[in-house]
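Engineer: Provided below: start33.txt, containing compact mmCIF, C-alpha atoms.
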# COMPACT_ATOMS: atom_id res chain seq x y z
CA MET A 29 11.11 25.53 -14.47
CA ALA A 30 9.03 23.15 -12.36
CA LEU A 31 10.16 20.79 -9.63
CA VAL A 32 8.45 17.39 -9.66
CA VAL A 33 8.83 14.24 -7.57
CA GLN A 34 8.70 10.98 -9.50
CA LYS A 35 8.72 7.42 -8.17
CA TYR A 36 9.60 4.27 -10.11
CA GLY A 37 8.65 0.88 -8.70
CA GLY A 38 10.63 -2.35 -8.68
CA SER A 39 9.24 -3.62 -11.98
CA SER A 40 10.22 -0.31 -13.61
CA VAL A 41 13.88 -0.75 -12.66
CA ALA A 42 14.01 -4.57 -12.72
CA THR A 43 16.88 -4.84 -15.23
CA ALA A 44 19.70 -2.73 -16.62
CA GLY A 45 17.60 -2.23 -19.76
CA HIS A 46 14.64 -1.06 -17.68
CA ILE A 47 16.85 1.39 -15.80
CA LYS A 48 18.09 2.84 -19.09
CA ALA A 49 14.47 3.18 -20.28
CA VAL A 50 13.57 5.05 -17.07
CA ALA A 51 16.61 7.27 -17.59
CA ARG A 52 15.42 8.13 -21.11
CA LYS A 53 11.97 9.01 -19.74
CA ILE A 54 13.63 11.31 -17.21
CA VAL A 55 15.85 12.87 -19.90
CA ASP A 56 12.75 13.74 -21.93
CA ARG A 57 11.22 15.42 -18.89
CA VAL A 58 14.38 17.39 -18.14
CA ALA A 59 14.43 18.54 -21.76
CA ARG A 60 11.05 20.17 -21.10
CA GLY A 61 12.70 22.30 -18.42
CA ASP A 62 11.78 20.40 -15.24
CA ARG A 63 14.04 19.42 -12.38
CA LEU A 64 13.28 16.09 -10.75
CA ALA A 65 13.60 14.35 -7.41
CA VAL A 66 13.29 10.69 -8.41
CA VAL A 67 12.53 8.02 -5.79
CA VAL A 68 13.31 4.41 -6.70
CA SER A 69 12.46 0.98 -5.33
CA ALA A 70 14.78 -2.03 -5.35
CA MET A 71 15.23 -3.84 -8.67
CA GLY A 72 12.55 -6.43 -9.43
CA ASP A 73 12.52 -9.22 -6.85
CA THR A 74 15.62 -7.98 -5.01
CA THR A 75 13.81 -7.51 -1.69
CA ASP A 76 12.36 -11.03 -1.81
CA ASP A 77 15.78 -12.42 -2.75
CA LEU A 78 17.42 -10.64 0.19
CA ILE A 79 14.77 -11.95 2.60
CA SER A 80 15.36 -15.47 1.30
CA LEU A 81 19.11 -15.03 1.72
CA ALA A 82 18.65 -13.88 5.31
CA GLU A 83 16.50 -16.91 6.09
CA GLN A 84 19.25 -19.17 4.76
CA VAL A 85 21.76 -17.85 7.28
CA SER A 86 19.48 -17.28 10.28
CA SER A 87 16.40 -19.02 11.62
CA SER A 88 15.31 -15.75 13.25
CA PRO A 89 16.96 -12.75 11.57
CA SER A 90 17.35 -9.65 13.72
CA PRO A 91 14.88 -6.95 12.60
CA ARG A 92 17.65 -4.36 12.82
CA GLU A 93 19.96 -6.36 10.58
CA MET A 94 17.10 -7.13 8.20
CA ASP A 95 16.59 -3.40 7.67
CA MET A 96 20.32 -2.94 7.18
CA LEU A 97 20.20 -5.68 4.55
CA LEU A 98 16.98 -4.72 2.76
CA SER A 99 17.96 -1.06 2.41
CA THR A 100 20.80 -2.06 0.08
CA GLY A 101 18.32 -2.84 -2.71
CA GLU A 102 17.18 0.76 -3.13
CA GLN A 103 20.74 2.05 -2.88
CA THR A 104 21.73 -0.17 -5.81
CA SER A 105 18.83 1.12 -7.95
CA ALA A 106 19.53 4.75 -7.12
CA ALA A 107 23.23 4.55 -7.97
CA LEU A 108 22.62 2.69 -11.24
CA LEU A 109 19.97 5.18 -12.37
CA ALA A 110 22.28 8.10 -11.60
CA MET A 111 25.01 6.39 -13.67
CA ALA A 112 22.63 5.90 -16.60
CA LEU A 113 21.63 9.58 -16.48
CA HIS A 114 25.28 10.65 -16.47
CA ASP A 115 25.83 8.65 -19.66
CA MET A 116 22.89 10.51 -21.23
CA GLU A 117 24.50 13.83 -20.29
CA VAL A 118 22.02 14.73 -17.57
CA SER A 119 23.59 15.90 -14.33
CA ALA A 120 22.43 13.63 -11.51
CA LEU A 121 23.43 12.24 -8.15
CA SER A 122 21.98 9.69 -5.74
CA LEU A 123 21.21 10.19 -2.04
CA ASN A 124 20.27 7.63 0.57
CA ALA A 125 18.03 8.23 3.58
CA PHE A 126 20.91 9.27 5.83
CA GLN A 127 22.24 11.77 3.30
CA LEU A 128 18.78 13.14 2.64
CA GLY A 129 17.69 13.36 6.27
CA ILE A 130 14.60 11.10 6.39
CA GLU A 131 13.86 10.69 10.10
CA THR A 132 11.63 7.79 11.17
CA THR A 133 10.44 6.00 14.27
CA GLY A 134 12.61 3.19 15.56
CA ARG A 135 10.24 0.34 14.63
CA PHE A 136 12.26 -1.90 12.33
CA ARG A 137 10.59 -3.34 9.19
CA ASP A 138 7.61 -0.97 9.59
CA ALA A 139 8.94 2.47 10.54
CA ARG A 140 6.96 5.68 10.04
CA ILE A 141 8.36 8.95 8.76
CA VAL A 142 8.63 11.59 11.48
CA ASP A 143 10.27 14.43 9.55
CA LEU A 144 12.37 15.24 6.51
CA ASP A 145 15.20 17.75 6.33
CA LEU A 146 15.18 18.57 2.64
CA SER A 147 17.64 21.46 2.79
CA LYS A 148 20.32 19.25 1.25
CA LEU A 149 17.95 18.15 -1.52
CA ARG A 150 17.06 21.76 -2.36
CA HIS A 151 20.74 22.70 -2.34
CA ARG A 152 21.71 19.78 -4.60
CA LEU A 153 18.93 20.60 -7.08
CA GLU A 154 20.56 23.99 -7.60
CA ASP A 155 23.61 22.17 -8.99
CA VAL A 156 22.14 19.12 -10.77
CA GLN A 157 19.07 18.42 -12.85
CA VAL A 158 18.06 15.18 -11.12
CA VAL A 159 18.50 13.87 -7.59
CA VAL A 160 17.82 10.13 -7.30
CA ILE A 161 16.56 9.11 -3.83
CA THR A 162 16.47 5.71 -2.19
CA GLY A 163 12.86 4.90 -1.33
CA PHE A 164 11.60 2.61 1.44
CA GLN A 165 14.20 3.62 4.01
CA GLY A 166 14.87 6.09 6.79
CA ILE A 167 16.98 6.69 9.86
CA SER A 168 15.82 6.05 13.45
CA PRO A 169 16.42 8.41 16.39
CA ASP A 170 19.40 6.18 17.32
CA GLY A 171 20.89 6.51 13.85
CA ASP A 172 19.93 3.01 12.67
CA VAL A 173 18.68 2.27 9.17
CA THR A 174 14.95 1.50 9.11
CA THR A 175 12.52 0.45 6.39
CA LEU A 176 8.93 1.58 5.90
CA GLY A 177 7.28 -1.76 5.10
CA ARG A 178 6.24 -3.24 1.77
CA GLY A 179 5.37 -0.53 -0.74
CA GLY A 180 7.13 2.06 1.40
CA SER A 181 8.83 3.75 -1.56
CA ASP A 182 5.44 5.26 -2.44
CA THR A 183 5.34 6.82 1.01
CA SER A 184 8.92 8.09 0.62
CA ALA A 185 8.06 9.83 -2.65
CA ILE A 186 4.76 11.31 -1.46
CA ALA A 187 6.35 12.54 1.78
CA VAL A 188 9.11 14.31 -0.16
CA ALA A 189 6.52 15.88 -2.48
CA ALA A 190 4.40 16.98 0.48
CA LYS A 191 7.39 18.58 2.20
CA LEU A 192 8.42 20.37 -0.99
CA GLY A 193 4.84 21.33 -1.88
CA VAL A 194 5.15 19.91 -5.41
CA PRO A 195 3.31 17.28 -7.51
CA CYS A 196 4.14 13.58 -7.23
CA GLU A 197 4.02 11.07 -10.08
CA ILE A 198 4.02 7.32 -9.31
CA TYR A 199 5.12 5.07 -12.19
CA SER A 200 4.76 1.28 -12.33
CA ASP A 201 4.01 -1.51 -14.82
CA VAL A 202 0.28 -0.64 -14.96
CA ALA A 203 -1.30 2.38 -16.62
CA GLY A 204 -3.11 3.73 -13.55
CA ILE A 205 -5.75 2.76 -11.00
CA TYR A 206 -8.29 0.20 -12.21
CA ALA A 207 -11.79 -0.57 -10.98
CA CYS A 208 -10.33 -3.96 -10.01
CA ASP A 209 -6.93 -5.57 -10.40
CA PRO A 210 -6.76 -6.48 -14.13
CA ARG A 211 -5.02 -9.73 -13.17
CA VAL A 212 -8.20 -10.73 -11.33
CA VAL A 213 -10.78 -9.11 -13.64
CA PRO A 214 -9.17 -8.45 -17.06
CA GLU A 215 -12.15 -6.42 -18.26
CA ALA A 216 -11.97 -3.95 -15.36
CA LYS A 217 -11.73 -0.37 -16.60
CA LYS A 218 -9.06 2.16 -15.78
CA LEU A 219 -10.23 5.14 -13.74
CA ASP A 220 -9.41 8.69 -14.82
CA TYR A 221 -9.94 10.09 -11.31
CA VAL A 222 -10.15 8.67 -7.78
CA VAL A 223 -10.74 10.75 -4.66
CA TYR A 224 -8.34 10.45 -1.73
CA ASP A 225 -10.82 8.71 0.59
CA GLU A 226 -11.57 6.03 -1.99
CA MET A 227 -7.90 5.50 -2.78
CA LEU A 228 -7.09 5.25 0.91
CA GLU A 229 -9.71 2.54 1.40
CA MET A 230 -8.67 0.68 -1.75
CA ALA A 231 -4.99 0.75 -0.77
CA ALA A 232 -5.77 -0.46 2.75
CA LEU A 233 -8.04 -3.21 1.39
CA GLY A 234 -5.50 -4.85 -0.90
CA ALA A 235 -5.30 -2.72 -4.07
CA ARG A 236 -1.50 -2.72 -4.28
CA VAL A 237 -1.03 0.23 -6.63
CA LEU A 238 -0.26 2.65 -3.78
CA HIS A 239 0.98 2.32 -0.20
CA SER A 240 -1.87 3.28 2.14
CA ARG A 241 0.35 5.41 4.40
CA GLY A 242 1.48 7.37 1.36
CA VAL A 243 -2.15 8.06 0.44
CA GLU A 244 -2.75 9.31 4.01
CA ILE A 245 0.06 11.84 3.56
CA ALA A 246 -1.22 12.84 0.13
CA LYS A 247 -4.69 13.49 1.53
CA LYS A 248 -3.43 15.41 4.58
CA TYR A 249 -1.22 17.73 2.53
CA GLU A 250 -3.33 17.69 -0.68
CA VAL A 251 -0.48 16.43 -2.83
CA ASP A 252 -1.22 16.51 -6.56
CA LEU A 253 -0.87 12.75 -7.15
CA TYR A 254 -0.70 10.92 -10.49
CA CYS A 255 -0.32 7.18 -11.23
CA GLY A 256 0.84 6.09 -14.68
CA SER A 257 2.84 3.54 -16.64
CA THR A 258 6.61 3.58 -16.93
CA PHE A 259 6.41 1.76 -20.25
CA SER A 260 3.80 3.73 -22.21
CA ASP A 261 2.50 7.25 -22.70
CA GLU A 262 -1.10 6.20 -21.99
CA GLU A 263 -2.86 8.69 -19.70
CA GLY A 264 -2.99 7.44 -16.12
CA THR A 265 -5.13 8.20 -13.05
CA ARG A 266 -5.23 11.34 -10.93
CA ILE A 267 -5.96 11.11 -7.20
CA VAL A 268 -7.83 14.24 -6.17
CA ASN A 269 -9.71 15.75 -3.25
CA THR A 270 -12.95 16.13 -5.23
CA LEU A 271 -13.98 15.01 -8.69
CA PRO A 272 -14.22 17.58 -11.51
CA GLU A 273 -17.67 19.17 -11.61
CA TRP A 274 -18.46 17.63 -14.98
CA LEU A 275 -17.86 14.06 -13.73
CA GLU A 276 -20.69 12.34 -11.83
CA GLN A 277 -19.66 10.50 -8.66
CA PRO A 278 -20.20 6.73 -9.11
CA VAL A 279 -21.79 4.73 -6.32
CA VAL A 280 -18.95 2.19 -6.36
CA THR A 281 -15.55 3.23 -7.66
CA GLY A 282 -13.56 0.04 -7.27
CA ILE A 283 -13.39 -3.56 -6.15
CA ALA A 284 -10.33 -4.56 -4.09
CA VAL A 285 -9.13 -8.13 -3.53
CA ASP A 286 -6.68 -9.04 -0.77
CA MET A 287 -5.44 -12.63 -0.83
CA ASP A 288 -3.07 -11.97 2.06
CA GLN A 289 -5.59 -12.74 4.79
CA MET A 290 -6.05 -15.22 7.63
CA LYS A 291 -9.09 -16.04 9.78
CA VAL A 292 -8.43 -16.61 13.48
CA THR A 293 -10.96 -18.24 15.82
CA LEU A 294 -10.79 -18.32 19.63
CA GLU A 295 -13.23 -20.66 21.39
CA GLY A 296 -14.07 -21.34 25.00
CA LEU A 297 -13.38 -17.86 26.36
CA PRO A 298 -15.14 -16.62 29.50
CA ASP A 299 -17.76 -13.93 28.84
CA GLY A 300 -16.73 -10.36 29.65
CA VAL A 301 -15.90 -7.05 28.02
CA ASP A 302 -12.75 -6.70 30.14
CA LEU A 303 -11.29 -9.80 28.56
CA LEU A 304 -11.99 -8.53 25.05
CA THR A 305 -10.42 -5.19 25.93
CA ARG A 306 -7.29 -6.94 27.16
CA LEU A 307 -7.14 -9.26 24.14
CA PHE A 308 -7.47 -6.62 21.45
CA GLY A 309 -5.33 -4.17 23.39
CA CYS A 310 -2.51 -6.72 23.41
CA LEU A 311 -2.88 -7.36 19.68
CA ALA A 312 -2.79 -3.61 18.96
CA ALA A 313 0.30 -3.11 21.14
CA ASP A 314 2.07 -5.81 19.12
CA GLY A 315 1.20 -4.07 15.85
CA VAL A 316 -1.44 -6.59 14.69
CA ASN A 317 -4.29 -4.99 12.73
CA VAL A 318 -7.55 -6.84 13.39
CA ASP A 319 -10.54 -6.77 11.05
CA MET A 320 -13.99 -8.39 10.74
CA ILE A 321 -14.53 -9.19 14.41
CA SER A 322 -17.53 -11.36 15.34
CA THR A 323 -18.47 -12.84 18.71
CA VAL A 324 -20.93 -15.53 19.77
CA SER A 325 -21.81 -16.17 23.42
CA ALA A 326 -23.56 -19.22 24.85
CA GLY A 327 -23.57 -20.87 28.24
CA GLY A 328 -21.20 -18.37 29.79
CA ARG A 329 -18.55 -18.92 27.11
CA THR A 330 -17.62 -16.77 24.10
CA SER A 331 -16.22 -17.58 20.66
CA ILE A 332 -14.43 -14.83 18.75
CA THR A 333 -13.51 -14.80 15.07
CA PHE A 334 -11.43 -12.09 13.43
CA SER A 335 -9.22 -11.63 10.38
CA VAL A 336 -5.60 -10.52 10.24
CA VAL A 337 -2.95 -10.12 7.58
CA SER A 338 -1.35 -13.45 6.69
CA GLY A 339 2.10 -13.96 8.15
CA HIS A 340 1.17 -12.39 11.50
CA ILE A 341 -0.05 -15.64 13.08
CA CYS A 342 3.03 -16.00 15.30
CA GLN A 343 2.47 -12.49 16.67
CA VAL A 344 -1.23 -13.27 17.11
CA ARG A 345 -0.49 -16.43 19.09
CA ASP A 346 2.01 -14.65 21.32
CA SER A 347 -0.40 -11.75 21.95
CA VAL A 348 -3.31 -14.07 22.69
CA ARG A 349 -1.26 -16.15 25.16
CA GLU A 350 -0.11 -12.99 26.92
CA SER A 351 -3.61 -11.52 27.16
CA LEU A 352 -5.20 -14.80 28.29
CA GLU A 353 -2.54 -15.79 30.81
CA GLY A 354 -4.15 -17.58 33.75
CA ILE A 355 -7.32 -18.46 31.81
CA ASP A 356 -7.97 -22.14 31.00
CA GLY A 357 -10.23 -23.96 28.59
CA TRP A 358 -9.75 -21.88 25.44
CA SER A 359 -8.40 -22.88 22.04
CA LEU A 360 -7.08 -21.06 18.96
CA SER A 361 -7.37 -22.12 15.32
CA ASP A 362 -6.45 -20.33 12.10
CA ASP A 363 -7.43 -20.61 8.45
CA SER A 364 -5.18 -19.17 5.73
CA THR A 365 -7.40 -20.24 2.81
CA VAL A 366 -9.43 -17.01 2.83
CA ALA A 367 -9.41 -13.66 1.02
CA LYS A 368 -11.02 -10.25 1.51
CA VAL A 369 -13.12 -8.73 -1.26
CA SER A 370 -14.32 -5.14 -0.93
CA ALA A 371 -16.44 -2.59 -2.78
CA VAL A 372 -15.37 1.04 -2.31
CA GLY A 373 -17.11 4.26 -3.27
CA VAL A 374 -17.76 7.68 -1.76
CA GLY A 375 -21.13 7.53 -3.56
CA MET A 376 -22.30 4.93 -1.03
CA LYS A 377 -22.88 7.76 1.43
CA THR A 378 -25.84 9.05 -0.56
CA SER A 379 -27.12 5.90 -2.27
CA SER A 380 -29.43 3.24 -0.88
CA GLY A 381 -29.55 -0.41 -1.83
CA VAL A 382 -25.81 -0.87 -2.35
CA ALA A 383 -25.54 -3.64 0.24
CA ALA A 384 -28.48 -5.48 -1.27
CA ARG A 385 -26.89 -5.38 -4.71
CA PHE A 386 -23.51 -6.37 -3.27
CA PHE A 387 -24.76 -9.50 -1.50
CA SER A 388 -27.16 -10.39 -4.31
CA ALA A 389 -24.22 -10.44 -6.74
CA LEU A 390 -22.24 -12.71 -4.42
CA ASP A 391 -25.24 -14.99 -3.95
CA GLY A 392 -25.69 -15.23 -7.71
CA ALA A 393 -22.04 -16.29 -8.05
CA GLU A 394 -22.49 -18.85 -5.23
CA VAL A 395 -19.80 -17.21 -3.11
CA SER A 396 -19.71 -18.12 0.59
CA VAL A 397 -19.45 -15.15 2.97
CA LEU A 398 -17.38 -15.90 6.09
CA GLY A 399 -17.34 -12.43 7.63
CA THR A 400 -18.39 -8.85 6.94
CA THR A 401 -17.33 -5.34 7.84
CA THR A 402 -18.57 -1.98 6.59
CA SER A 403 -17.93 1.75 6.72
CA GLU A 404 -19.57 4.76 5.10
CA ILE A 405 -17.73 4.12 1.84
CA LYS A 406 -16.92 0.39 1.78
CA ILE A 407 -18.32 -3.10 2.20
CA SER A 408 -15.83 -5.91 2.81
CA VAL A 409 -16.39 -9.63 3.04
CA LEU A 410 -14.16 -12.55 3.90
CA VAL A 411 -14.59 -15.40 1.41
CA PRO A 412 -12.86 -18.70 0.60
CA ARG A 413 -9.70 -17.81 -1.33
CA ASP A 414 -10.65 -19.99 -4.31
CA GLN A 415 -13.88 -17.97 -4.67
CA ALA A 416 -12.27 -14.49 -4.52
CA GLY A 417 -11.93 -14.16 -8.30
CA ASP A 418 -15.57 -15.13 -8.86
CA ALA A 419 -16.64 -12.65 -6.18
CA ALA A 420 -14.69 -9.79 -7.78
CA LYS A 421 -16.00 -10.56 -11.26
CA ALA A 422 -19.60 -10.72 -9.99
CA LEU A 423 -19.27 -7.34 -8.25
CA VAL A 424 -17.64 -5.67 -11.24
CA ALA A 425 -20.41 -7.01 -13.48
CA GLU A 426 -23.14 -5.84 -11.08
CA PHE A 427 -22.02 -2.26 -10.74
CA ASP A 428 -20.89 -1.96 -14.35
CA ARG A 429 -24.19 -3.35 -15.64
CA ARG A 430 -26.12 -0.54 -13.95
CA GLU A 431 -23.80 1.99 -15.62
CA GLU A 432 -23.08 3.56 -12.25
CA GLN A 433 -19.39 2.68 -12.34
CA PHE A 434 -16.31 1.74 -14.06
Go ahead and render the structure in this file as structure tokens.

Structural biologist:
Amino acid sequence: MALVVQKYGGSSVATAGHIKAVARKIVDRVARGDRLAVVVSAMGDTTDDLISLAEQVSSSPSPREMDMLLSTGEQTSAALLAMALHDMEVSALSLNAFQLGIETTGRFRDARIVDLDLSKLRHRLEDVQVVVITGFQGISPDGDVTTLGRGGSDTSAIAVAAKLGVPCEIYSDVAGIYACDPRVVPEAKKLDYVVYDEMLEMAALGARVLHSRGVEIAKKYEVDLYCGSTFSDEEGTRIVNTLPEWLEQPVVTGIAVDMDQMKVTLEGLPDGVDLLTRLFGCLAADGVNVDMISTVSAGGRTSITFSVVSGHICQVRDSVRESLEGIDGWSLSDDSTVAKVSAVGVGMKTSSGVAARFFSALDGAEVSVLGTTTSEIKISVLVPRDQAGDAAKALVAEFDRREEQF
């Protein structure tokens, strides 16, 4: 008998019919002799609907109460799935974060898991075949309900698997990890294997198949991680530490597109490293992740451009005002009509000419580059949002044409 952690996303449990289909999939697995800890997301668009409801009753909803509200979505899914399993004569029960013992930091809407006390889970699995767990949520040191941020159910599932030392299977409405989002590039191929470092970059850069913090945990604890489809038996993608010996490492593994970006420009700042330290220190303290920083100095004044995740502009403005208090003559502007397009591949470490091919492909597609950032295994550019699809298609075609990928 094997113990396995499974996770089903919101699209997998979007309706009563979907929940019954997931239950049948679990029943088949139990019939093979496995016991399962199953983590679920909220049904379909429930989280968005709850956010909308909160905004109808409050112009500035309390983060604490938002977490209290949003956590109800996963609790509904978990209870309904346990009910469906009972009707199929599989012994099951549901547990929320408090019952399970998922301890997190106290940062509402974006908490991080600190520890898990899985003694109760182990005990319950001695009595039942399936324990259904609410994803996305935890409990703060003060005993408040917290949530882990968008996609946090992935992190819940992977953290449970890491603590138990068992495999983790992530199921959604796609059949695995693709070289690029099929909604952007329909011809993009599904990948059989992706290494942790590549998956971590892809998740952080906008590939929404896995939560980046979950991938960090999987890499740290070498969790055997699999991504597949809830709705078919098609073989999915395995995330591994190293590729099988028989499989050659491609130069570029995937192209990620993130439409949820904003470009921020500060002009008229006095020159000085101290000022930049204060500015970016303030942004970091307020939880704003900054990317693609560029500076231009002339005549004793500096202009700074950087990108942030869309929706953080209010935090950015507050942080900037705080850091620049007492300084006159500067201005701030923002542009939300941008997107980030990235090429990711561990093979970049040992291959030359990747950047040349990358920018040549964008030039051929007449894509404007507004900013650039690189690492050992990725190249990212900021482009006009209406050109992001063309950029992704051009990059997929370039690296596929050379038969070094996809």

Engineer: Using all atoms listed in the file, which residues sit within 9 Å of Ser359 of chain A once same-chain residues fewer than 6 positions away are excluded, as an MDAnalysis selection string?

Structural biologist: chainID A and resid 293:297

Engineer: Can you pull out every residue within 7 Å of segment 332-340 of chain A, counting all atoms listed in the file, but drop anything in the same chain fewer than 6 positions away, and send it as number ranges by chain?

Structural biologist: A: 288-295, 317-324, 364

Engineer: Under the rule of at most 9 Å, produce a per-residue listing of segment 223-243 of chain A near segment 168-183 of chain A: chain, number, name, the closest pair of atoms, and the distance in Å, as CSV, using only C-alpha atoms.

Structural biologist:
residue,atom,partner,partner_atom,distance
A:Arg236,CA,A:Gly179,CA,8.0
A:Val237,CA,A:Gly179,CA,8.7
A:Leu238,CA,A:Asp182,CA,6.4
A:His239,CA,A:Gly179,CA,5.3
A:Ser240,CA,A:Thr183,CA,8.1
A:Arg241,CA,A:Thr183,CA,6.2
A:Gly242,CA,A:Thr183,CA,3.9
A:Val243,CA,A:Thr183,CA,7.6

Engineer: Check the smallest atom-to-atom distance from each of A:Val158, A:Pro298, A:Ala139, A:Val372 to Val222 of chain A using all atoms listed in the file, then report the winner.

Structural biologist: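 Smallest distance to Val222 of chain A is found for A:Val372.
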
Engineer: Tell me which of A:Pro272, A:Asp225, A:Asp299, A:Ile283 sits closest to Ala207 of chain A, counting only C-alpha atoms.

Structural biologist: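 Among A:Pro272, A:Asp225, A:Asp299, A:Ile283, it is A:Ile283 that comes nearest to Ala207 of chain A.
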
Engineer: So that I can see what lies close to Asp145 of chain A, please list as a list of chain:residue names the residues with an atom at most 9 Å from it, counting all atoms listed in the file and leaving out residues fewer than 5 positions away in the same chain.

Structural biologist: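 So the residues in contact are A:Leu128, A:Gly129, A:Ile130, A:Glu131, A:Lys191.
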
Engineer: Calculated over all atoms listed in the file, which of the candidates A:Val285, A:Leu398, A:Val251, A:Ile54 has the smallest distance to Val159 of chain A?

Structural biologist: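 Distance minimum relative to Val159 of chain A lands on A:Ile54.
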
Engineer: Can you tell me, as a PyMOL selection string, what residues are no more than 10 Å from Arg349 of chain A when counting only C-alpha atoms, ignoring any on the same chain fewer than 5 positions away?

Structural biologist: chain A and resi 307+310+343-344+354-355+360

Engineer: Under the rule that only C-alpha atoms are counted, which of A:Asp76, A:Gly375, A:Asp363, A:Leu233 is the nearest residue to Thr401 of chain A?

Structural biologist: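 Of A:Asp76, A:Gly375, A:Asp363, A:Leu233, the one nearest Thr401 of chain A is A:Leu233, counting only C-alpha atoms.
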
Engineer: Could you name the residues that touch Ala65 of chain A at 9 Å or less, counting only C-alpha atoms, but leaving out those on the same chain fewer than 4 positions away, as a list in words?

Structural biologist: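 Surrounding residues, per the criterion: Leu31, Val32, Val33, Gln34, Lys35, Leu149, Leu153, Gln157, Val158, Val159, Val160, Ile161, Ala185, Val188 and Ala189 of chain A.
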
Engineer: Mind listing as a list in words all residues within 9 Å of (15.4, 4.5, -18.0), counting only C-alpha atoms?

Structural biologist: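 Residues with an atom close enough to that point: Ser40, Val41, Ala44, Gly45, His46, Ile47, Lys48, Ala49, Val50, Ala51, Arg52, Lys53, Ile54, Val55, Leu109, Ala112, Leu113 and Thr258 of chain A.
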
Engineer: Tell me which of A:Ser69, A:Ser86, A:Gln277, A:Ser200 sits closest to Gly256 of chain A, counting all atoms listed in the file.

Structural biologist: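 So, comparing all the options, the nearest one is A:Ser200.
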
Engineer: Using atom CA of Tyr224 of chain A and atom CA of Thr265 of chain A as the two end points, give the distance in Å to one decimal.

Structural biologist: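 Computing the Euclidean distance for atom CA of Tyr224 of chain A and atom CA of Thr265 of chain A yields 12.0 Å.
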
Engineer: Between atom CA of Phe386 of chain A and atom CA of Ala425 of chain A, what is the spacing in Å?

Structural biologist: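 Spanning atom CA of Ala425 of chain A to atom CA of Phe386 of chain A is a straight-line distance of 10.7 Å.
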